[in-house]
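In what follows, a structure is listed as structure tokens, so that the remarks can point back to it.
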Amino acid sequence: MTMTRELDPRIASYLAKNRQWAESKDYKPPIPFKEMQKKGREREDGTVIVLACTDPRVTPEEFLGMSTNEGNKATIVRTAGGRVHAAMSTLLVLSAVGNLGKKGVIMVVHHTDCGLQTASDDEIRSVLGEGVGMEGKEVLDGAVFSSFVTPEESVKEDVEILRASPFFKGMQIVGFVQDTETGLLSGVV
């Protein structure tokens, strides 16, 4: 791929690390999608989906100890605040290509000190609206950002939404809050 302008040095560094990783003796291409899909559908216990925040300080692969070598990886879906509204289309696609919500687990994980706790939806809309014309403001009028006061309450809301959905009826839906000070997860629902 030819770039017409100079890359941000962070992206250049990521690309160099990607090349090292892909060329290492440890890299093995993943199994083809259809094979993975078949294995997932055949599992008695279904698959695990983790819905978490996009905050780079709280990475599910790290705080849940996931590893390709140990074979304990899950599907990770990340949205601002780990909120379900923004994740719903992805979760529906995963259900369609997976086992149609008949088995498996969705683990909702929100965290303390989250950016979505710092402003209301109206405040977010106002900040974004300052830099755009009328066309942008029309888009913002219908936008739902799902800001919240406490992560415990937002986890309860999101778990309720998933449990009420006809698309995930056979799945276990659980919710946790990660304390960013200690790194520990606490069960909410």
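Identifiers in this document derive from the order of the structure tokens: chains are assigned A, B, ..., residues are numbered from 1 separately in each chain, and ligands are numbered from 1 in order of occurrence.
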
query: Can you list every residue in chain A that DSSP puts in strand (DSSP E or B), as an NGL selection string?
result: :A and (48-53 or 75-79 or 105-111 or 172-178 or 185-187)

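When the distance limit is 6 Å and only C-alpha atoms are what count, the residues near A:Pro151, minus those fewer than 3 positions from it on the same chain, are His110, Ser154 and Val155 of chain A.
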
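Excluding A:Asp26 and any residue on its chain fewer than 6 positions from it, the residues at most 12 Å away by only C-alpha atoms are Gln20, Thr68 and Asn69 of chain A.
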
- request: Select from chain A everything DSSP, run on the backbone, classes as alpha helix (DSSP H), then give the selection as an MDAnalysis selection string.
  value: chainID A and resid 9:23 33:42 60:63 84:97 121:129 134:141 151:164

Restricting it to C-alpha atoms, dump the selection as a PDB file, in the first residue's frame.
ATOM      1  CA  PRO A   9       5.245   7.586  14.016  1.00  0.00           C
ATOM      2  CA  ARG A  10       3.015   5.467  16.278  1.00  0.00           C
ATOM      3  CA  ILE A  11       1.377   3.825  13.262  1.00  0.00           C
ATOM      4  CA  ALA A  12       4.787   3.272  11.652  1.00  0.00           C
ATOM      5  CA  SER A  13       5.901   1.565  14.879  1.00  0.00           C
ATOM      6  CA  TYR A  14       2.771  -0.641  14.924  1.00  0.00           C
ATOM      7  CA  LEU A  15       3.405  -1.641  11.306  1.00  0.00           C
ATOM      8  CA  ALA A  16       7.016  -2.563  12.085  1.00  0.00           C
ATOM      9  CA  LYS A  17       5.890  -4.650  15.076  1.00  0.00           C
ATOM     10  CA  ASN A  18       3.240  -6.300  12.893  1.00  0.00           C
ATOM     11  CA  ARG A  19       5.865  -7.316  10.360  1.00  0.00           C
ATOM     12  CA  GLN A  20       8.078  -8.754  13.130  1.00  0.00           C
ATOM     13  CA  TRP A  21       5.134 -10.683  14.556  1.00  0.00           C
ATOM     14  CA  ALA A  22       3.948 -12.014  11.173  1.00  0.00           C
ATOM     15  CA  GLU A  23       7.477 -13.079  10.196  1.00  0.00           C
ATOM     16  CA  PHE A  33     -13.514 -19.020   9.193  1.00  0.00           C
ATOM     17  CA  LYS A  34     -15.921 -21.815   8.164  1.00  0.00           C
ATOM     18  CA  GLU A  35     -13.879 -24.342  10.167  1.00  0.00           C
ATOM     19  CA  MET A  36     -13.886 -22.067  13.217  1.00  0.00           C
ATOM     20  CA  GLN A  37     -17.627 -21.510  12.795  1.00  0.00           C
ATOM     21  CA  LYS A  38     -18.272 -25.279  12.630  1.00  0.00           C
ATOM     22  CA  LYS A  39     -16.179 -25.921  15.761  1.00  0.00           C
ATOM     23  CA  GLY A  40     -17.977 -23.141  17.628  1.00  0.00           C
ATOM     24  CA  ARG A  41     -21.391 -24.500  16.693  1.00  0.00           C
ATOM     25  CA  GLU A  42     -20.366 -28.009  17.771  1.00  0.00           C
ATOM     26  CA  PRO A  60      -9.908  -7.805  28.207  1.00  0.00           C
ATOM     27  CA  GLU A  61      -7.229 -10.017  26.663  1.00  0.00           C
ATOM     28  CA  GLU A  62      -4.899  -8.829  29.445  1.00  0.00           C
ATOM     29  CA  PHE A  63      -7.183  -8.638  32.489  1.00  0.00           C
ATOM     30  CA  VAL A  84     -24.652  -2.611  24.462  1.00  0.00           C
ATOM     31  CA  HIS A  85     -26.509  -0.112  22.205  1.00  0.00           C
ATOM     32  CA  ALA A  86     -23.370   0.546  20.179  1.00  0.00           C
ATOM     33  CA  ALA A  87     -22.509  -3.183  20.130  1.00  0.00           C
ATOM     34  CA  MET A  88     -25.892  -4.578  19.120  1.00  0.00           C
ATOM     35  CA  SER A  89     -25.281  -4.903  15.371  1.00  0.00           C
ATOM     36  CA  THR A  90     -21.998  -6.732  16.031  1.00  0.00           C
ATOM     37  CA  LEU A  91     -23.629  -9.029  18.592  1.00  0.00           C
ATOM     38  CA  LEU A  92     -26.421  -9.844  16.126  1.00  0.00           C
ATOM     39  CA  VAL A  93     -23.913 -10.692  13.384  1.00  0.00           C
ATOM     40  CA  LEU A  94     -22.011 -12.920  15.833  1.00  0.00           C
ATOM     41  CA  SER A  95     -25.280 -14.661  16.663  1.00  0.00           C
ATOM     42  CA  ALA A  96     -26.082 -15.147  12.966  1.00  0.00           C
ATOM     43  CA  VAL A  97     -22.693 -16.667  12.117  1.00  0.00           C
ATOM     44  CA  ASP A 121     -25.337  12.565  26.442  1.00  0.00           C
ATOM     45  CA  ASP A 122     -26.432  16.218  26.047  1.00  0.00           C
ATOM     46  CA  GLU A 123     -22.958  17.474  26.997  1.00  0.00           C
ATOM     47  CA  ILE A 124     -21.315  15.096  24.518  1.00  0.00           C
ATOM     48  CA  ARG A 125     -23.762  16.208  21.834  1.00  0.00           C
ATOM     49  CA  SER A 126     -23.008  19.883  22.611  1.00  0.00           C
ATOM     50  CA  VAL A 127     -19.208  19.453  22.421  1.00  0.00           C
ATOM     51  CA  LEU A 128     -19.451  17.573  19.130  1.00  0.00           C
ATOM     52  CA  GLY A 129     -21.960  20.074  17.724  1.00  0.00           C
ATOM     53  CA  MET A 134     -26.385  21.904  10.559  1.00  0.00           C
ATOM     54  CA  GLU A 135     -25.821  18.603   8.749  1.00  0.00           C
ATOM     55  CA  GLY A 136     -23.687  17.341  11.630  1.00  0.00           C
ATOM     56  CA  LYS A 137     -26.130  18.606  14.235  1.00  0.00           C
ATOM     57  CA  GLU A 138     -28.944  16.635  12.603  1.00  0.00           C
ATOM     58  CA  VAL A 139     -26.895  13.450  12.972  1.00  0.00           C
ATOM     59  CA  LEU A 140     -26.213  14.270  16.623  1.00  0.00           C
ATOM     60  CA  ASP A 141     -29.893  14.867  17.424  1.00  0.00           C
ATOM     61  CA  PRO A 151     -20.738   1.321  36.164  1.00  0.00           C
ATOM     62  CA  GLU A 152     -22.840  -0.977  38.358  1.00  0.00           C
ATOM     63  CA  GLU A 153     -26.034   0.621  37.046  1.00  0.00           C
ATOM     64  CA  SER A 154     -24.830   0.640  33.419  1.00  0.00           C
ATOM     65  CA  VAL A 155     -23.922  -3.067  33.646  1.00  0.00           C
ATOM     66  CA  LYS A 156     -27.405  -3.856  35.024  1.00  0.00           C
ATOM     67  CA  GLU A 157     -29.048  -1.865  32.194  1.00  0.00           C
ATOM     68  CA  ASP A 158     -27.009  -3.584  29.487  1.00  0.00           C
ATOM     69  CA  VAL A 159     -27.497  -7.073  30.894  1.00  0.00           C
ATOM     70  CA  GLU A 160     -31.277  -6.445  31.072  1.00  0.00           C
ATOM     71  CA  ILE A 161     -31.311  -5.368  27.417  1.00  0.00           C
ATOM     72  CA  LEU A 162     -29.454  -8.507  26.324  1.00  0.00           C
ATOM     73  CA  ARG A 163     -31.567 -10.829  28.473  1.00  0.00           C
ATOM     74  CA  ALA A 164     -34.758  -9.287  27.039  1.00  0.00           C
TER      75      ALA A 164
END

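With only C-alpha atoms as the atoms that count, the residue of A:Ile173, A:Ile31, A:Val149, A:Ile49 with the shortest distance to A:His111 is A:Val149.
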
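With only C-alpha atoms as the atoms that count, the minimum distance from A:Gln172 to the choices A:Met107, A:Gly65, A:Asp113, A:Leu7 is reached by A:Met107.
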
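Separating atom CA of A:Val189 from atom CA of A:Val105 is a distance of 13.1 Å.
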
task: May I have the residues within 12 Å of A:Val48 as a ChimeraX atom specification, using only C-alpha atoms and disregarding those fewer than 2 positions away in the same chain?
output: /A:40-41,43,45-46,50-51,66,72-77,91,94-95,98-99,101,103-108,171-174
